[in-house]
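> Handing over target-v7.cif, mmCIF, C-alpha atoms.
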```cif
data_start
loop_
_atom_site.label_atom_id
_atom_site.label_comp_id
_atom_site.auth_asym_id
_atom_site.auth_seq_id
_atom_site.Cartn_x
_atom_site.Cartn_y
_atom_site.Cartn_z
CA MET G 1 95.80 83.18 75.33
CA ALA G 2 99.20 82.86 73.76
CA GLY G 3 100.11 86.26 75.17
CA ASP G 4 103.69 87.42 75.44
CA ARG G 5 104.53 88.91 78.80
CA SER G 6 101.15 90.24 79.80
CA ASP G 7 100.35 86.90 81.41
CA ALA G 8 99.55 87.44 85.06
CA GLN G 9 101.33 84.20 85.91
CA GLY G 10 104.53 85.34 84.18
CA ALA G 11 107.63 86.25 86.10
CA ARG G 12 107.32 90.03 85.89
CA PRO G 13 104.67 91.53 83.62
CA ALA G 14 105.87 94.22 81.24
CA HIS G 15 103.16 96.48 82.71
CA ALA G 16 104.72 96.29 86.14
CA GLU G 17 108.17 97.19 84.89
CA ARG G 18 106.86 100.11 82.91
CA ASN G 19 104.89 101.30 85.92
CA ASP G 20 108.00 101.16 88.09
CA GLN G 21 109.89 103.29 85.59
CA LEU G 22 107.03 105.75 85.26
CA ALA G 23 106.74 106.02 89.03
CA THR G 24 110.37 107.09 89.16
CA LEU G 25 109.99 109.56 86.32
CA LEU G 26 106.89 111.41 87.52
CA PRO G 27 108.48 113.10 90.57
CA ARG G 28 111.37 114.17 88.36
CA VAL G 29 108.97 115.65 85.84
CA ALA G 30 107.31 117.47 88.74
CA LEU G 31 110.69 119.06 89.44
CA GLY G 32 110.99 120.23 85.85
CA ASP G 33 113.37 117.56 84.57
CA GLN G 34 112.97 117.70 80.80
CA ARG G 35 114.87 114.51 80.17
CA ALA G 36 112.55 112.64 82.53
CA PHE G 37 109.61 114.18 80.67
CA ALA G 38 111.00 112.92 77.36
CA ASP G 39 111.51 109.45 78.87
CA LEU G 40 107.97 109.50 80.20
CA TYR G 41 106.71 110.33 76.73
CA ARG G 42 108.74 107.55 75.17
CA LEU G 43 107.41 105.02 77.68
CA ALA G 44 103.76 106.00 77.78
CA SER G 45 102.79 107.80 74.57
CA ALA G 46 102.05 104.73 72.41
CA HIS G 47 99.67 103.34 75.01
CA LEU G 48 98.00 106.68 75.64
CA PHE G 49 97.73 107.47 71.93
CA ALA G 50 96.00 104.12 71.34
CA VAL G 51 93.53 104.89 74.12
CA ALA G 52 92.83 108.32 72.60
CA VAL G 53 92.43 107.01 69.05
CA ARG G 54 89.89 104.42 70.14
CA ILE G 55 87.82 106.99 71.97
CA VAL G 56 87.82 109.93 69.55
CA ARG G 57 88.12 107.76 66.40
CA ASP G 58 90.01 110.51 64.61
CA GLY G 59 93.79 110.47 64.29
CA ALA G 60 94.26 114.25 64.17
CA LEU G 61 91.99 114.81 67.16
CA ALA G 62 93.71 112.01 69.05
CA GLU G 63 97.06 113.73 68.44
CA GLU G 64 95.64 116.95 69.82
CA MET G 65 94.28 115.17 72.89
CA LEU G 66 97.64 113.50 73.50
CA GLN G 67 99.39 116.86 73.25
CA GLU G 68 97.00 118.46 75.72
CA ALA G 69 97.35 115.55 78.10
CA PHE G 70 101.16 115.75 78.12
CA VAL G 71 101.08 119.53 78.57
CA SER G 72 98.85 118.91 81.59
CA VAL G 73 101.19 116.20 82.90
CA TRP G 74 104.16 118.59 82.69
CA HIS G 75 102.30 121.16 84.77
CA HIS G 76 100.70 118.80 87.27
CA ALA G 77 103.01 115.81 87.66
CA GLY G 78 103.47 116.93 91.28
CA THR G 79 99.91 115.94 92.04
CA TYR G 80 100.49 112.30 91.14
CA ASP G 81 100.06 110.14 94.22
CA ALA G 82 101.62 106.70 94.00
CA VAL G 83 99.54 105.47 96.91
CA LYS G 84 96.31 106.21 95.06
CA SER G 85 97.01 104.83 91.61
CA GLN G 86 99.50 103.24 89.28
CA PRO G 87 101.25 105.79 87.04
CA ILE G 88 99.81 104.41 83.82
CA THR G 89 96.33 104.42 85.33
CA TRP G 90 96.74 108.05 86.32
CA LEU G 91 98.03 109.01 82.88
CA THR G 92 95.27 107.03 81.16
CA SER G 93 92.66 108.86 83.23
CA ILE G 94 94.04 112.21 82.12
CA VAL G 95 93.91 111.21 78.46
CA ARG G 96 90.47 109.63 78.72
CA ASN G 97 89.03 112.68 80.47
CA ARG G 98 90.42 115.02 77.81
CA CYS G 99 88.92 112.84 75.08
CA LEU G 100 85.58 112.42 76.78
CA ASP G 101 85.24 116.12 77.50
CA ARG G 102 85.96 116.89 73.85
CA LEU G 103 83.61 114.20 72.57
CA ARG G 104 80.76 115.30 74.78
CA ARG G 105 81.23 118.91 73.80
CA ARG G 106 81.16 117.95 70.15
CA GLU G 107 78.11 115.80 70.74
CA VAL G 108 76.22 118.79 72.10
CA ASP G 109 77.39 120.92 69.19
CA THR G 110 76.35 118.57 66.44
CA ARG G 111 73.45 116.66 67.77
CA PRO G 112 71.45 114.74 66.89
CA LEU G 113 74.03 112.14 66.02
CA VAL G 114 71.22 109.77 65.11
CA THR G 115 67.51 110.25 65.12
CA ASP G 116 65.10 107.66 66.37
CA ASP G 117 63.83 106.83 62.90
CA ASP G 118 67.34 106.46 61.57
CA THR G 119 67.73 102.93 62.84
CA ASP G 120 69.42 101.60 59.73
CA ALA G 121 72.34 103.95 59.97
CA PRO G 122 74.54 103.15 62.94
CA ALA G 123 75.83 106.16 64.80
CA TRP G 124 79.27 104.79 64.63
CA GLU G 125 81.16 102.08 62.78
CA PRO G 126 83.42 99.83 64.80
CA PRO G 127 87.10 99.96 63.79
CA SER G 128 87.53 97.45 60.99
CA ASP G 129 90.82 96.08 62.23
CA GLY G 130 92.12 95.33 65.68
CA PRO G 131 90.37 93.76 68.62
CA SER G 132 86.76 94.58 69.39
CA PRO G 133 85.83 96.37 72.62
CA VAL G 134 84.57 93.12 74.11
CA ASP G 135 87.85 91.38 73.15
CA LEU G 136 89.72 94.14 74.91
CA LEU G 137 87.57 93.86 78.00
CA LEU G 138 88.28 90.14 78.16
CA ALA G 139 91.98 90.71 77.50
CA ALA G 140 92.11 93.11 80.43
CA ALA G 141 90.30 90.50 82.49
CA ASP G 142 92.84 87.85 81.45
CA ALA G 143 95.72 90.00 82.51
CA ARG G 144 94.26 90.41 85.96
CA ALA G 145 92.75 86.99 86.52
CA LEU G 146 89.34 88.63 86.37
CA ARG G 147 88.00 86.65 83.49
CA GLY G 148 85.53 84.64 85.50
CA CYS G 149 84.20 87.83 87.00
CA ILE G 150 83.83 89.68 83.71
CA GLU G 151 82.16 86.64 82.25
CA THR G 152 79.46 86.78 84.89
CA LEU G 153 78.32 90.02 83.24
CA GLU G 154 75.36 89.36 81.02
CA PRO G 155 76.02 90.00 77.31
CA GLY G 156 74.12 93.31 77.27
CA PRO G 157 75.91 94.96 80.19
CA ARG G 158 79.23 93.52 79.04
CA GLN G 159 78.92 94.98 75.57
CA ALA G 160 77.60 98.31 76.85
CA ILE G 161 80.50 98.71 79.27
CA ALA G 162 83.08 97.68 76.70
CA LEU G 163 81.74 100.13 74.11
CA ALA G 164 81.48 102.95 76.61
CA PHE G 165 84.95 102.39 77.98
CA PHE G 166 86.95 101.61 74.88
CA GLU G 167 85.06 103.63 72.29
CA GLY G 168 83.82 106.48 74.46
CA LEU G 169 80.16 106.08 73.56
CA SER G 170 77.62 108.01 75.59
CA HIS G 171 74.37 106.49 76.87
CA ARG G 172 72.58 107.87 73.84
CA GLU G 173 75.16 106.54 71.40
CA LEU G 174 75.10 103.18 73.15
CA ALA G 175 71.34 103.03 72.79
CA ALA G 176 71.61 103.83 69.09
CA HIS G 177 74.42 101.39 68.47
CA LEU G 178 72.91 98.51 70.43
CA ARG G 179 69.41 99.35 69.18
CA GLU G 180 67.94 99.20 72.63
CA PRO G 181 65.85 101.74 74.52
CA LEU G 182 67.88 104.35 76.41
CA GLY G 183 66.50 103.15 79.76
CA THR G 184 67.61 99.58 79.10
CA VAL G 185 71.12 100.68 78.19
CA LYS G 186 71.41 102.88 81.26
CA SER G 187 70.35 100.02 83.48
CA TRP G 188 72.86 97.66 81.79
CA VAL G 189 75.64 100.13 82.42
CA ARG G 190 74.61 100.56 86.02
CA ARG G 191 74.38 96.83 86.73
CA GLY G 192 77.59 96.13 84.88
CA LEU G 193 79.47 98.77 86.83
CA ALA G 194 78.20 97.44 90.14
CA THR G 195 79.49 93.97 89.22
CA LEU G 196 82.78 95.35 87.94
CA ARG G 197 83.29 97.26 91.14
CA ARG G 198 83.10 94.11 93.22
CA CYS G 199 85.44 92.31 90.83
CA LEU G 200 88.04 95.02 90.51
CA ASP G 201 88.09 95.76 94.22
CA ALA G 202 88.46 92.08 95.06
CA ALA G 203 91.34 91.80 92.60
CA GLY G 204 92.92 95.01 93.87
CA ALA G 205 92.77 93.78 97.46
CA THR G 206 95.06 90.87 96.64
CA GLY G 207 97.43 92.69 94.36
CA MET P 208 72.84 119.57 96.48
CA ASN P 209 75.20 117.98 98.94
CA LEU P 210 76.43 114.76 97.43
CA SER P 211 78.82 113.95 100.19
CA ARG P 212 76.17 113.05 102.75
CA SER P 213 76.15 109.40 103.64
CA ASP P 214 72.50 108.89 102.75
CA ARG P 215 73.42 109.76 99.18
CA ARG P 216 76.36 107.41 99.07
CA GLU P 217 74.72 105.04 96.60
CA ARG P 218 73.86 107.86 94.26
CA LEU P 219 77.37 109.23 94.44
CA GLU P 220 78.80 105.78 93.69
CA ARG P 221 76.66 105.50 90.60
CA LEU P 222 77.46 109.02 89.38
CA ALA P 223 81.16 108.48 89.98
CA ALA P 224 81.12 105.13 88.19
CA GLU P 225 79.40 106.59 85.15
CA PHE P 226 81.74 109.56 85.20
CA ALA P 227 84.78 107.26 85.13
CA LEU P 228 83.27 105.03 82.46
CA GLY P 229 82.56 108.17 80.47
CA THR P 230 78.83 107.83 79.96
CA SER P 231 77.77 110.82 82.09
CA PRO P 232 76.10 113.63 80.19
CA PRO P 233 78.30 116.73 79.75
CA ARG P 234 76.41 118.75 82.33
CA VAL P 235 76.81 116.04 84.95
CA ARG P 236 80.53 115.74 84.12
CA ARG P 237 81.10 119.45 84.57
CA ARG P 238 79.08 119.53 87.74
CA LEU P 239 80.89 116.59 89.32
CA ILE P 240 84.28 118.11 88.53
CA ALA P 241 83.19 121.39 90.11
CA ILE P 242 81.84 119.70 93.25
CA ALA P 243 84.92 117.50 93.60
CA ARG P 244 87.16 120.57 93.84
CA ARG P 245 85.73 121.41 97.23
CA ASP P 246 84.27 118.12 98.42
CA ARG P 247 86.69 115.39 99.44
CA PRO P 248 84.29 112.42 99.55
CA VAL P 249 83.16 113.26 96.02
CA ALA P 250 86.76 113.66 94.86
CA ALA P 251 87.68 110.35 96.47
CA ALA P 252 84.73 108.57 94.87
CA LEU P 253 85.69 109.88 91.44
CA SER P 254 89.35 109.01 91.77
CA ASP P 255 88.55 105.54 93.16
CA TRP P 256 86.36 104.85 90.17
CA GLU P 257 88.94 106.22 87.76
CA ARG P 258 91.46 103.84 89.25
CA ARG P 259 89.12 100.88 88.95
CA ILE P 260 88.12 101.69 85.41
CA ALA P 261 91.38 102.83 83.85
CA VAL P 262 92.90 99.44 84.63
CA LEU P 263 90.82 98.07 81.78
CA ALA P 264 92.83 100.10 79.26
CA ASP P 265 96.06 98.25 80.04
CA ASP P 266 95.73 95.88 77.12
CA VAL P 267 94.77 98.25 74.34
CA PRO P 268 97.35 97.51 71.58
CA PRO P 269 99.81 100.44 71.58
CA MET P 270 100.02 102.85 68.63
CA THR P 271 103.07 105.03 68.23
CA PRO P 272 102.02 108.65 67.66
CA PRO P 273 103.71 110.57 64.82
CA PRO P 274 106.86 112.51 65.81
CA ARG P 275 105.08 115.85 65.30
CA VAL P 276 103.10 115.25 68.52
CA TRP P 277 106.22 115.40 70.68
CA ARG P 278 107.52 118.40 68.74
CA SER P 279 104.24 120.21 69.36
CA ILE P 280 104.28 119.41 73.08
CA VAL P 281 107.83 120.68 73.40
CA GLY P 282 106.91 123.78 71.39
CA ARG P 283 103.82 124.55 73.44
CA LEU P 284 105.71 124.25 76.70
CA GLY P 285 108.69 126.25 75.49
CA LEU P 286 111.05 123.39 76.32
CA ASP P 287 114.37 122.66 74.72
CA PRO P 288 113.72 120.11 71.96
CA ASP P 289 117.12 118.71 72.70
CA ASP P 290 115.63 117.42 75.97
CA ALA P 291 118.84 116.91 77.81
CA LYS P 292 119.85 120.55 77.92
CA ALA P 293 117.20 122.18 80.02
CA ARG P 294 116.75 125.91 79.92
CA ARG P 295 116.82 127.04 83.49
CA ALA P 296 114.42 129.92 83.09
CA ALA P 297 111.71 127.86 81.47
CA ARG P 298 112.31 124.98 83.82
CA TRP P 299 111.14 126.77 86.88
CA SER P 300 108.89 129.44 85.45
CA ARG P 301 105.91 127.14 85.60
CA LEU P 302 106.12 126.78 89.36
CA ALA P 303 103.63 129.59 89.71
CA ALA P 304 101.13 127.27 88.12
CA TRP P 305 101.48 124.93 91.06
CA ARG P 306 100.13 127.53 93.42
CA ALA P 307 97.16 128.14 91.22
CA LEU P 308 95.88 124.62 91.45
CA ALA P 309 92.84 125.57 89.44
CA ILE P 310 93.01 122.43 87.41
CA THR P 311 90.51 121.75 84.71
CA SER P 312 90.80 117.99 84.67
CA LEU P 313 90.65 115.12 87.09
CA VAL P 314 94.27 115.71 87.92
CA GLY P 315 93.02 118.14 90.51
CA ILE P 316 90.48 115.79 91.89
CA ILE P 317 93.07 113.11 92.36
CA ALA P 318 95.25 115.62 94.16
CA ILE P 319 92.49 116.52 96.57
CA GLY P 320 92.15 112.89 97.51
CA ALA P 321 95.87 112.55 97.99
CA ALA P 322 95.96 113.41 101.67
CA GLU P 323 95.39 109.93 102.96
CA TRP P 324 98.49 107.87 103.53
CA ARG P 325 98.99 104.20 103.96
CA ARG P 326 99.61 103.14 107.52
CA ALA P 327 101.71 100.15 108.46
CA PRO P 328 100.62 98.21 111.54
CA VAL P 329 104.20 97.66 112.79
CA VAL P 330 106.10 100.39 114.64
CA LEU P 331 109.54 100.64 113.10
CA PRO P 332 112.54 102.42 114.56
CA ALA P 333 112.77 104.71 111.52
CA PRO P 334 109.21 105.58 110.60
CA LEU P 335 110.05 107.96 107.75
CA VAL P 336 111.87 106.38 104.84
CA VAL P 337 112.70 107.76 101.41
CA ALA P 338 114.54 105.70 98.79
CA LEU P 339 116.00 108.20 96.32
CA ALA P 340 116.52 106.65 92.89
CA GLY P 341 117.85 107.89 89.58
CA ALA P 342 116.47 107.55 86.07
CA ASP P 343 117.67 103.96 85.95
CA ALA P 344 115.36 103.24 88.94
CA LYS P 345 118.42 102.23 90.99
CA VAL P 346 118.38 103.55 94.54
CA ALA P 347 121.32 105.89 95.18
CA LEU P 348 120.51 107.32 98.60
CA ILE P 349 118.25 106.29 101.45
CA ALA P 350 116.93 108.96 103.78
CA THR P 351 115.47 107.99 107.14
CA ALA P 352 114.17 109.87 110.17
CA THR P 353 112.14 109.22 113.26
CA ARG P 354 109.26 111.51 113.99
CA GLY P 355 110.72 113.75 116.66
CA GLU P 356 114.25 114.00 115.28
CA ARG P 357 115.40 117.30 113.80
CA TYR P 358 117.55 115.71 111.15
CA LEU P 359 117.43 113.29 108.25
CA THR P 360 119.99 110.53 108.02
CA LEU P 361 121.22 109.90 104.49
CA LYS P 362 123.02 106.75 103.49
CA THR P 363 124.71 106.43 100.11
CA VAL P 364 124.05 103.00 98.65
CA GLY P 365 125.36 103.46 95.11
CA ASN P 366 128.28 105.48 93.88
CA ALA P 367 126.35 108.75 93.81
CA ASN P 368 128.72 111.65 93.24
CA PRO P 369 127.89 115.25 92.37
CA GLY P 370 131.13 115.68 90.40
CA ALA P 371 134.04 118.08 90.81
CA GLU P 372 133.27 121.50 92.27
CA LYS P 373 129.64 120.50 92.83
CA VAL P 374 127.45 119.44 95.75
CA PHE P 375 124.19 117.57 96.21
CA GLU P 376 121.30 119.57 97.59
CA LEU P 377 118.21 117.98 99.14
CA TRP P 378 114.72 119.29 98.30
CA ALA P 379 111.27 118.64 99.72
CA LEU P 380 108.50 118.59 97.14
CA PRO P 381 105.14 119.55 98.68
CA GLN P 382 101.75 118.39 97.44
CA SER P 383 101.53 121.81 95.85
CA GLY P 384 103.86 124.78 95.72
CA PRO P 385 107.53 125.10 94.85
CA PRO P 386 110.29 122.79 96.13
CA GLN P 387 111.66 123.63 99.57
CA ALA P 388 115.41 123.51 100.13
CA LEU P 389 116.41 121.17 102.97
CA GLY P 390 120.08 121.92 102.57
CA VAL P 391 123.32 120.71 101.09
CA ILE P 392 124.08 117.03 101.68
CA PRO P 393 127.48 116.69 103.40
CA GLN P 394 130.02 114.33 101.89
CA GLY P 395 130.27 110.85 103.38
CA ASP P 396 128.64 107.44 103.31
CA ILE P 397 126.27 108.16 106.18
CA VAL P 398 125.53 111.82 106.88
CA ARG P 399 122.91 114.00 108.53
CA VAL P 400 120.97 116.92 107.09
CA PRO P 401 119.54 119.12 109.85
CA LEU P 402 115.84 120.01 109.73
CA PRO P 403 114.23 123.22 111.03
CA ASN P 404 111.54 121.25 112.92
CA PRO P 405 110.89 117.64 113.97
CA ALA P 406 110.90 115.38 110.92
CA ASP P 407 107.21 114.54 110.98
CA GLU P 408 106.32 118.25 111.08
CA THR P 409 108.82 119.30 108.44
CA LEU P 410 107.67 116.54 106.10
CA SER P 411 103.98 116.51 107.02
CA ASN P 412 102.87 117.85 103.66
CA ILE P 413 105.77 116.52 101.61
CA ALA P 414 105.16 113.78 99.08
CA THR P 415 108.61 113.48 97.58
CA LEU P 416 112.26 114.28 98.27
CA ALA P 417 114.65 115.05 95.44
CA VAL P 418 118.37 115.68 95.01
CA SER P 419 119.84 118.20 92.59
CA VAL P 420 123.40 119.08 91.62
CA GLU P 421 124.36 122.57 92.77
CA PRO P 422 127.42 124.82 93.03
CA PRO P 423 129.36 124.68 96.32
CA GLY P 424 127.26 126.09 99.16
CA GLY P 425 124.00 125.10 97.48
CA SER P 426 121.59 126.74 95.08
CA PRO P 427 122.14 130.51 94.97
CA SER P 428 118.51 131.18 94.03
CA GLY P 429 116.57 129.08 96.53
CA LYS P 430 115.39 126.88 93.67
CA PRO P 431 117.14 123.88 92.13
CA THR P 432 119.45 125.10 89.38
CA GLY P 433 121.24 121.93 88.31
CA PRO P 434 119.89 118.60 87.07
CA VAL P 435 117.65 116.62 89.41
CA LEU P 436 119.40 113.29 89.68
CA TYR P 437 117.45 111.39 92.32
CA SER P 438 113.99 111.41 93.80
CA GLY P 439 111.80 109.24 95.96
CA ARG P 440 108.47 109.15 97.75
CA VAL P 441 108.24 109.82 101.46
CA GLU P 442 107.00 106.59 103.01
CA ARG P 443 105.41 107.07 106.40
CA MET P 444 105.53 104.01 108.59
CA TYR P 445 103.58 105.46 111.49
#
```
Re-express the file's structure as structure tokens.

Amino acid sequence: MAGDRSDAQGARPAHAERNDQLATLLPRVALGDQRAFADLYRLASAHLFAVAVRIVRDGALAEEMLQEAFVSVWHHAGTYDAVKSQPITWLTSIVRNRCLDRLRRREVDTRPLVTDDDTDAPAWEPPSDGPSPVDLLLAAADARALRGCIETLEPGPRQAIALAFFEGLSHRELAAHLREPLGTVKSWVRRGLATLRRCLDAAGATG
Amino acid sequence: MNLSRSDRRERLERLAAEFALGTSPPRVRRRLIAIARRDRPVAAALSDWERRIAVLADDVPPMTPPPRVWRSIVGRLGLDPDDAKARRAARWSRLAAWRALAITSLVGIIAIGAAEWRRAPVVLPAPLVVALAGADAKVALIATATRGERYLTLKTVGNANPGAEKVFELWALPQSGPPQALGVIPQGDIVRVPLPNPADETLSNIATLAVSVEPPGGSPSGKPTGPVLYSGRVERMY
């Protein structure tokens, strides 16, 4: 990959520098430092907004999720624990959880999203531009020298995990999108996660 | 249902993984969040999986949100849109929220799992170390203590200066609850700040130390009143 500075072999990945800055800002935000909060927003909002847009697939809703996430960060920055997670990982989890909670609530409200006999109409259209979920999964693997590990995932589990993670699809939506029985999709997700766990833990142990 | 029992470990792992990936049904999500509030193994499993999974999002191409998002955040929190000039009342009014750690998101779950600290195998002469850095990430002060000592030693490594007619005050930031004043930092390159109890006791529940600028004699209110210039994590080497 002709990547810029996200190459794991590079001198100092941009991710690492941003994480260092965020790690310094979070305790200051916890103490009510508004300037630190503004800096945190400037550093992290574009990444977090992108994560939200991919999951909720609606710009206005993504804006609302980002707002809620930052309001939560202002109130709870003191609970960030640098030993447990990287700052951007922690912030991403907050945004993803907001989005997923909202999506799942909406799913209950408006179901059924697709009916079983509606196989010609996909529940969801992939974004027409930008990298696909599987591309993103492999890009993440590249950045962490995990490619070989991700590639050991069979195509089904790999695609199911990528769609669930990057696009926020539920088991039911995955089944509709991949046109596979619900049980098959669930088992793909389960197997894929078990493999990913071994990979990510092995990578984490060295870094 | 007691998910924390070891014979259900596999099931918990699977539930936590699917929670972090986001495929859990809404009822399972809500239930796991509720259980994690009072059950540490469950909280730890969820936060471990969140950590594993969220790493994957690192390479999503960034998208700059429209400026109205920041304006709305500032508006909702009642902050000064001019960021630099903080309103003192608003700045500390939210501290009450810390006590009520009834958090609706995973933030709370991560906090519950936060009690475990890294242990270094080597015994060092100064087992408590805090590097206090400013917004530029440059370390300005280093605080050290050994477990039984009733003082912190502070060494100035940059040109940290509170300014005319001002002093630095040192604060301990607990895992939850308002900042605790540790006292005014005396002038000098290497100084001591006395502690009420042995350092390991005083800092047992403290995640972070911070330094604010205060009027002579320290904060009149018991809370930081001036800007917070430096902060750093408490690293325990024992």
> Could you please give me, as a PyMOL selection string, the residues of protein, DNA or RNA lying at most 7 Å from (82.8, 108.5, 75.8) in the coordinate frame of the file, considering all atoms listed in the file?
(chain G and resi 55+100+103+164-165+167-170) or (chain P and resi 229-230)
> Output C-alpha atoms of each residue in that selection to a file, as a PDB file, keeping the file's coordinate frame.

```pdb
ATOM      1  CA  ILE G  55      87.820 106.990  71.970  1.00  0.00           C
ATOM      2  CA  LEU G 100      85.580 112.420  76.780  1.00  0.00           C
ATOM      3  CA  LEU G 103      83.610 114.200  72.570  1.00  0.00           C
ATOM      4  CA  ALA G 164      81.480 102.950  76.610  1.00  0.00           C
ATOM      5  CA  PHE G 165      84.950 102.390  77.980  1.00  0.00           C
ATOM      6  CA  GLU G 167      85.060 103.630  72.290  1.00  0.00           C
ATOM      7  CA  GLY G 168      83.820 106.480  74.460  1.00  0.00           C
ATOM      8  CA  LEU G 169      80.160 106.080  73.560  1.00  0.00           C
ATOM      9  CA  SER G 170      77.620 108.010  75.590  1.00  0.00           C
TER      10      SER G 170
ATOM     11  CA  GLY P 229      82.560 108.170  80.470  1.00  0.00           C
ATOM     12  CA  THR P 230      78.830 107.830  79.960  1.00  0.00           C
TER      13      THR P 230
END
```
> Taking all atoms listed in the file into account, report as a ChimeraX atom specification which residues of chain G lie within 6 Å of chain P.
/G:32,34-35,46-47,50,67,79,89,104,140,165,170-171
> To one decimal in Å, tell me the separation between atom CA of Tyr41 of chain G and atom CA of Arg57 of chain G.
21.4 Å
> Counting only C-alpha atoms, what is within 12 Å of Pro87 of chain G, bar same-chain residues fewer than 6 positions away, as a PyMOL selection string?
(chain G and resi 15-27+40+43-44+48+73+77+79-81+93-94) or (chain P and resi 258+261-262+265)
> Just to confirm, what's the straight-line distance from atom CA of Ile161 of chain G to atom CA of Leu174 of chain G in Å (one decimal)?
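About the pair atom CA of Ile161 of chain G and atom CA of Leu174 of chain G: they are 9.3 Å apart.
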> Would you mind listing what lies within 12 Å of Pro155 of chain G as a list in words, with only C-alpha atoms counted and same-chain residues fewer than 2 positions away left out?
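Listed by chain and then number, they are Val134, Ile150, Glu151, Thr152, Leu153, Pro157, Arg158, Gln159, Ala160, Ile161, Ala162, Leu178, Val185, Trp188, Val189, Arg191 and Gly192 of chain G.
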> Given all atoms listed in the file as the basis, pick out the residue of P:Ala379, P:Val374, P:Ala388, P:Val400 nearest to Ala30 of chain G.
P:Ala379
> Give me, please, the distance in Å between atom CA of Val391 of chain P and atom CA of Val83 of chain G, quoted to one decimal.
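Separation of atom CA of Val391 of chain P and atom CA of Val83 of chain G: 28.6 Å.
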> Determine the nearest neighbour of Glu63 of chain G from the options G:Ser85, G:Asn97, G:Ser45, G:Ser187, counting all atoms listed in the file.
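Using all atoms listed in the file, Glu63 of chain G sits closest to G:Ser45.
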> Tell me which of P:Thr360, P:Glu217, P:Val235, P:Pro427 sits closest to Asp101 of chain G, counting only C-alpha atoms.
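Once distances to Asp101 of chain G are computed over only C-alpha atoms, the minimum belongs to P:Val235.
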> Mind checking which residues fall within 7 Å of Lys362 of chain P, counting only C-alpha atoms, ignoring those fewer than 2 positions away in the same chain, and posting them as a ChimeraX atom specification?
/P:348-350,360,364,396-398
> Kindly provide, as lines of an AutoDock Vina configuration file, the centre and edge lengths (Å, one decimal) of an axis-aligned box around all atoms of segment 31-46 of chain G given in the file, with 4 Å on each side.

```
center_x = 108.5
center_y = 112.5
center_z = 80.9
size_x = 20.8
size_y = 23.5
size_z = 25.0
```
